[in-house]
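A.B. asks: Data file start29.cif (mmCIF, C-alpha atoms) is appended below.
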```
data_data
loop_
_atom_site.group_PDB
_atom_site.id
_atom_site.type_symbol
_atom_site.label_atom_id
_atom_site.label_comp_id
_atom_site.auth_asym_id
_atom_site.auth_seq_id
_atom_site.Cartn_x
_atom_site.Cartn_y
_atom_site.Cartn_z
ATOM 1 C CA MET A 1 -19.057 20.858 -0.995
ATOM 2 C CA LEU A 2 -16.166 21.683 -3.355
ATOM 3 C CA ARG A 3 -14.431 18.427 -2.487
ATOM 4 C CA ARG A 4 -17.609 16.496 -3.193
ATOM 5 C CA HIS A 5 -18.203 18.287 -6.521
ATOM 6 C CA GLU A 6 -14.602 18.412 -7.719
ATOM 7 C CA GLY A 7 -13.332 15.137 -6.321
ATOM 8 C CA ARG A 8 -9.664 14.719 -5.509
ATOM 9 C CA ALA A 9 -7.002 13.525 -7.907
ATOM 10 C CA HIS A 10 -3.439 12.784 -6.900
ATOM 11 C CA HIS A 11 -2.349 12.615 -10.536
ATOM 12 C CA PRO A 12 -3.036 15.112 -13.343
ATOM 13 C CA TYR A 13 -6.046 14.422 -15.528
ATOM 14 C CA GLN A 14 -8.013 16.169 -18.267
ATOM 15 C CA ASP A 15 -11.218 17.670 -16.869
ATOM 16 C CA THR A 16 -14.508 17.819 -18.802
ATOM 17 C CA ALA A 17 -13.339 21.046 -20.514
ATOM 18 C CA GLY A 18 -10.035 19.424 -21.525
ATOM 19 C CA LYS A 19 -7.980 21.357 -18.930
ATOM 20 C CA LEU A 20 -5.083 19.669 -17.155
ATOM 21 C CA THR A 21 -6.271 19.410 -13.553
ATOM 22 C CA ILE A 22 -4.952 18.018 -10.251
ATOM 23 C CA GLY A 23 -5.899 17.918 -6.580
ATOM 24 C CA VAL A 24 -9.326 19.354 -5.866
ATOM 25 C CA GLY A 25 -10.115 21.046 -9.161
ATOM 26 C CA ARG A 26 -6.770 22.892 -9.618
ATOM 27 C CA ASN A 27 -6.695 23.978 -13.268
ATOM 28 C CA LEU A 28 -3.010 23.709 -14.121
ATOM 29 C CA ASP A 29 -3.462 24.990 -17.678
ATOM 30 C CA ASP A 30 -4.922 28.335 -16.633
ATOM 31 C CA ARG A 31 -3.773 28.776 -13.046
ATOM 32 C CA GLY A 32 -0.632 26.687 -12.628
ATOM 33 C CA ILE A 33 0.932 26.690 -9.159
ATOM 34 C CA THR A 34 2.454 29.439 -7.060
ATOM 35 C CA ARG A 35 6.140 29.748 -6.205
ATOM 36 C CA ALA A 36 5.347 28.710 -2.624
ATOM 37 C CA GLU A 37 3.492 25.623 -3.856
ATOM 38 C CA ALA A 38 6.383 24.712 -6.138
ATOM 39 C CA LEU A 39 8.831 25.001 -3.216
ATOM 40 C CA THR A 40 6.549 22.909 -0.997
ATOM 41 C CA LEU A 41 6.471 20.217 -3.673
ATOM 42 C CA LEU A 42 10.263 20.428 -3.962
ATOM 43 C CA ASP A 43 10.730 20.008 -0.198
ATOM 44 C CA THR A 44 8.369 17.023 -0.207
ATOM 45 C CA ASP A 45 10.161 15.427 -3.163
ATOM 46 C CA ILE A 46 13.616 15.955 -1.607
ATOM 47 C CA ALA A 47 12.409 14.347 1.632
ATOM 48 C CA GLY A 48 11.045 11.430 -0.410
ATOM 49 C CA ALA A 49 14.374 10.958 -2.196
ATOM 50 C CA PHE A 50 16.210 10.951 1.160
ATOM 51 C CA GLU A 51 13.715 8.424 2.568
ATOM 52 C CA ASP A 52 14.220 6.156 -0.455
ATOM 53 C CA LEU A 53 17.993 6.317 -0.021
ATOM 54 C CA ASP A 54 17.755 5.740 3.740
ATOM 55 C CA ARG A 55 15.535 2.700 3.208
ATOM 56 C CA ASN A 56 17.400 1.150 0.272
ATOM 57 C CA ALA A 57 21.009 2.349 0.599
ATOM 58 C CA PRO A 58 21.502 3.479 4.219
ATOM 59 C CA TRP A 59 25.268 3.650 3.661
ATOM 60 C CA TRP A 60 24.746 6.778 1.546
ATOM 61 C CA ARG A 61 24.727 8.944 4.686
ATOM 62 C CA GLY A 62 28.404 8.034 5.250
ATOM 63 C CA LEU A 63 29.550 9.216 1.828
ATOM 64 C CA PRO A 64 31.674 12.357 1.556
ATOM 65 C CA GLU A 65 29.419 15.371 1.083
ATOM 66 C CA PRO A 66 29.957 15.801 -2.685
ATOM 67 C CA ALA A 67 29.136 12.141 -3.392
ATOM 68 C CA ALA A 68 26.129 12.153 -1.046
ATOM 69 C CA ARG A 69 24.807 15.315 -2.703
ATOM 70 C CA ALA A 70 25.292 13.818 -6.163
ATOM 71 C CA LEU A 71 23.570 10.554 -5.241
ATOM 72 C CA ALA A 72 20.649 12.432 -3.664
ATOM 73 C CA ASN A 73 20.347 14.474 -6.873
ATOM 74 C CA MET A 74 20.134 11.261 -8.887
ATOM 75 C CA ALA A 75 17.567 9.792 -6.467
ATOM 76 C CA PHE A 76 15.460 12.923 -6.852
ATOM 77 C CA ASN A 77 15.736 12.826 -10.646
ATOM 78 C CA LEU A 78 15.344 9.101 -11.251
ATOM 79 C CA GLY A 79 13.467 7.759 -8.242
ATOM 80 C CA TRP A 80 14.797 4.721 -6.380
ATOM 81 C CA PRO A 81 13.534 2.018 -8.768
ATOM 82 C CA ARG A 82 15.545 3.430 -11.693
ATOM 83 C CA LEU A 83 18.513 4.463 -9.535
ATOM 84 C CA ALA A 84 18.698 0.883 -8.233
ATOM 85 C CA GLY A 85 19.514 -0.135 -11.803
ATOM 86 C CA PHE A 86 22.874 1.648 -11.449
ATOM 87 C CA ARG A 87 24.213 -1.405 -9.595
ATOM 88 C CA MET A 88 27.841 -0.949 -10.602
ATOM 89 C CA MET A 89 27.820 2.745 -9.736
ATOM 90 C CA LEU A 90 26.235 2.077 -6.354
ATOM 91 C CA ALA A 91 28.790 -0.663 -5.646
ATOM 92 C CA ALA A 92 31.612 1.703 -6.631
ATOM 93 C CA LEU A 93 30.275 4.335 -4.236
ATOM 94 C CA GLN A 94 30.158 1.806 -1.415
ATOM 95 C CA ASP A 95 33.746 0.820 -2.229
ATOM 96 C CA GLU A 96 34.771 4.501 -2.343
ATOM 97 C CA ASP A 97 35.910 4.035 -5.934
ATOM 98 C CA TRP A 98 35.003 7.541 -7.003
ATOM 99 C CA GLN A 99 36.439 7.260 -10.525
ATOM 100 C CA ALA A 100 34.434 4.107 -11.245
ATOM 101 C CA ALA A 101 31.266 5.703 -9.852
ATOM 102 C CA ALA A 102 31.775 8.721 -12.113
ATOM 103 C CA ARG A 103 32.474 6.483 -15.109
ATOM 104 C CA GLU A 104 29.315 4.446 -14.493
ATOM 105 C CA ALA A 105 27.215 7.602 -14.153
ATOM 106 C CA ARG A 106 28.580 8.974 -17.419
ATOM 107 C CA ASP A 107 28.194 5.676 -19.284
ATOM 108 C CA SER A 108 24.414 5.469 -19.149
ATOM 109 C CA ARG A 109 21.322 6.260 -21.123
ATOM 110 C CA TRP A 110 20.365 8.620 -18.278
ATOM 111 C CA ALA A 111 23.575 10.643 -18.857
ATOM 112 C CA ARG A 112 22.775 10.947 -22.553
ATOM 113 C CA GLN A 113 19.278 12.169 -21.641
ATOM 114 C CA VAL A 114 20.235 14.754 -19.016
ATOM 115 C CA GLY A 115 23.540 15.918 -20.507
ATOM 116 C CA ALA A 116 25.274 18.557 -18.400
ATOM 117 C CA ARG A 117 23.466 17.452 -15.249
ATOM 118 C CA ALA A 118 25.107 14.025 -15.470
ATOM 119 C CA GLU A 119 28.509 15.609 -16.026
ATOM 120 C CA ARG A 120 28.112 17.783 -12.927
ATOM 121 C CA ILE A 121 27.059 14.754 -10.878
ATOM 122 C CA ALA A 122 29.966 12.633 -12.145
ATOM 123 C CA THR A 123 32.334 15.478 -11.296
ATOM 124 C CA LEU A 124 30.927 15.534 -7.751
ATOM 125 C CA PHE A 125 31.714 11.816 -7.445
ATOM 126 C CA GLU A 126 35.282 12.516 -8.576
ATOM 127 C CA THR A 127 35.532 15.412 -6.125
ATOM 128 C CA ALA A 128 34.711 13.018 -3.279
ATOM 129 C CA GLN A 129 38.143 11.407 -3.621
ATOM 130 C CA HIS A 130 39.694 14.683 -2.449
ATOM 131 C CA LYS A 131 37.617 14.858 0.707
ATOM 132 C CA GLY A 132 39.514 13.271 3.554
ATOM 133 C CA GLU A 133 36.635 13.348 5.995
ATOM 134 C CA ARG A 134 33.446 11.383 5.635
ATOM 135 C CA ALA A 135 30.150 13.196 6.019
#
```
Please lay out the structure from this file as structure tokens.

C.D. replies:
Amino acid sequence: MLRRHEGRAHHPYQDTAGKLTIGVGRNLDDRGITRAEALTLLDTDIAGAFEDLDRNAPWWRGLPEPAARALANMAFNLGWPRLAGFRMMLAALQDEDWQAAAREARDSRWARQVGARAERIATLFETAQHKGERA
């Protein structure tokens, strides 16, 4: 009965009382989500980022661990459609040109928006050049 009365929304919306709501009547304004729910969402989103990379850039699995971790972080943050716009960075990663990949990551509107996060990711790309083994 609750599902019939509340409906189900996969995107947040304003309910009739003006409360931000999602799912089957979850009032995000007053109730929010639990830590466990947040971690479940995180796990789902990480899996989605990996699936996007596997589908669109399957070579990413062969990157050294620091570069793979950095690229997965960007996929999580940007989503594949926007990450695909980093054509020169992606090409540099495929060519194992870690300095160019870092430079391309830093020289972007995304880097200006996320600040220190972009610097940490670019540093991970640079760190990949010191890893002799491939992941």

A.B. asks: Find the spatial neighbours of Trp80 in chain A, counting only C-alpha atoms, within a cut-off of 9 Å - ignore same-chain residues fewer than 6 positions away - and output them as a list in words.

C.D. replies: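 Final neighbour list, sorted by chain and number: Ala49, Asp52, Leu53, Asn56 and Met74 of chain A.
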
A.B. asks: Could you please take those selected residues and save C-alpha atoms as a PDB file, in the coordinates of the input?

C.D. replies:
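And here is the file that came out, result_31.pdb:
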```pdb
ATOM      1  CA  ALA A  49      14.374  10.958  -2.196  1.00  0.00           C
ATOM      2  CA  ASP A  52      14.220   6.156  -0.455  1.00  0.00           C
ATOM      3  CA  LEU A  53      17.993   6.317  -0.021  1.00  0.00           C
ATOM      4  CA  ASN A  56      17.400   1.150   0.272  1.00  0.00           C
ATOM      5  CA  MET A  74      20.134  11.261  -8.887  1.00  0.00           C
TER       6      MET A  74
END
```

A.B. asks: Tell me, as a ChimeraX atom specification, which residues lie within 6 Å of Ala70 in chain A, counting all atoms listed in the file; anything in the same chain fewer than 3 positions away does not count.

C.D. replies: /A:67,73,121

A.B. asks: On this file, the PyMOL selection byres ((chain A and resi 123) around 10) gives some set of residues; write that set as a list of chain:residue names.

C.D. replies: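 Output from the PyMOL selection byres ((chain A and resi 123) around 10), applied to this file: A:Pro66, A:Ala67, A:Ala70, A:Trp98, A:Gln99, A:Ala101, A:Ala102, A:Arg103, A:Ala105, A:Arg106, A:Arg117, A:Ala118, A:Glu119, A:Arg120, A:Ile121, A:Ala122, A:Leu124, A:Phe125, A:Glu126, A:Thr127, A:Ala128.
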
A.B. asks: Smallest atom-to-atom distance to Ile46 in chain A: which of A:Gln14, A:Asn27, A:Gln129, A:Asn77, using only C-alpha atoms?

C.D. replies: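 Among A:Gln14, A:Asn27, A:Gln129, A:Asn77, it is A:Asn77 that comes nearest to Ile46 in chain A.
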
A.B. asks: Between A:Val24, A:Ala9, A:Leu41, A:Ala47, which has the minimum distance to Ala75 in chain A (counting all atoms listed in the file)?

C.D. replies: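 Checking each of A:Val24, A:Ala9, A:Leu41, A:Ala47 against Ala75 in chain A, counting all atoms listed in the file, the winner is A:Ala47.
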
A.B. asks: With a distance cut-off of 10 Å and all atoms listed in the file, select the neighbouring residues of Gly7 in chain A, excluding the residue or stretch itself and same-chain residues fewer than 4 positions from it, and output the selection as a list in words.

C.D. replies: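 The filter keeps Met1, Leu2, Arg3, Ile22, Gly23, Val24 and Gly25 of chain A.
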
A.B. asks: Write out as a list of chain:residue names which residues come within 12 Å of Leu20 in chain A when counting all atoms listed in the file, dropping same-chain ones fewer than 5 positions away.

C.D. replies: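 Counting only the stated atoms, we get A:Ala9, A:His11, A:Pro12, A:Tyr13, A:Gln14, A:Asp15, A:Gly25, A:Arg26, A:Asn27, A:Leu28, A:Asp29, A:Asp30, A:Arg31, A:Gly32.
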
A.B. asks: For a test of reading the model, state the distance in Å between CA of Leu42 in chain A and CA of Ala72 in chain A, rounded to one decimal.

C.D. replies: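 Atom-to-atom, CA of Leu42 in chain A and CA of Ala72 in chain A are spaced 13.1 Å apart.
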
A.B. asks: So how far away is CA of Arg87 in chain A from CA of Gln113 in chain A, in Å?

C.D. replies: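 Spanning CA of Gln113 in chain A to CA of Arg87 in chain A is a straight-line distance of 18.8 Å.
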
A.B. asks: Using only C-alpha atoms, determine which residues lie at most 10 Å from range 57-60 of chain A, disregarding the query and same-chain residues fewer than 6 positions distant; provide the list as a VMD selection string.

C.D. replies: chain A and resid 50 to 51 67 to 69 71 to 72 80 84 90 93 to 94 135
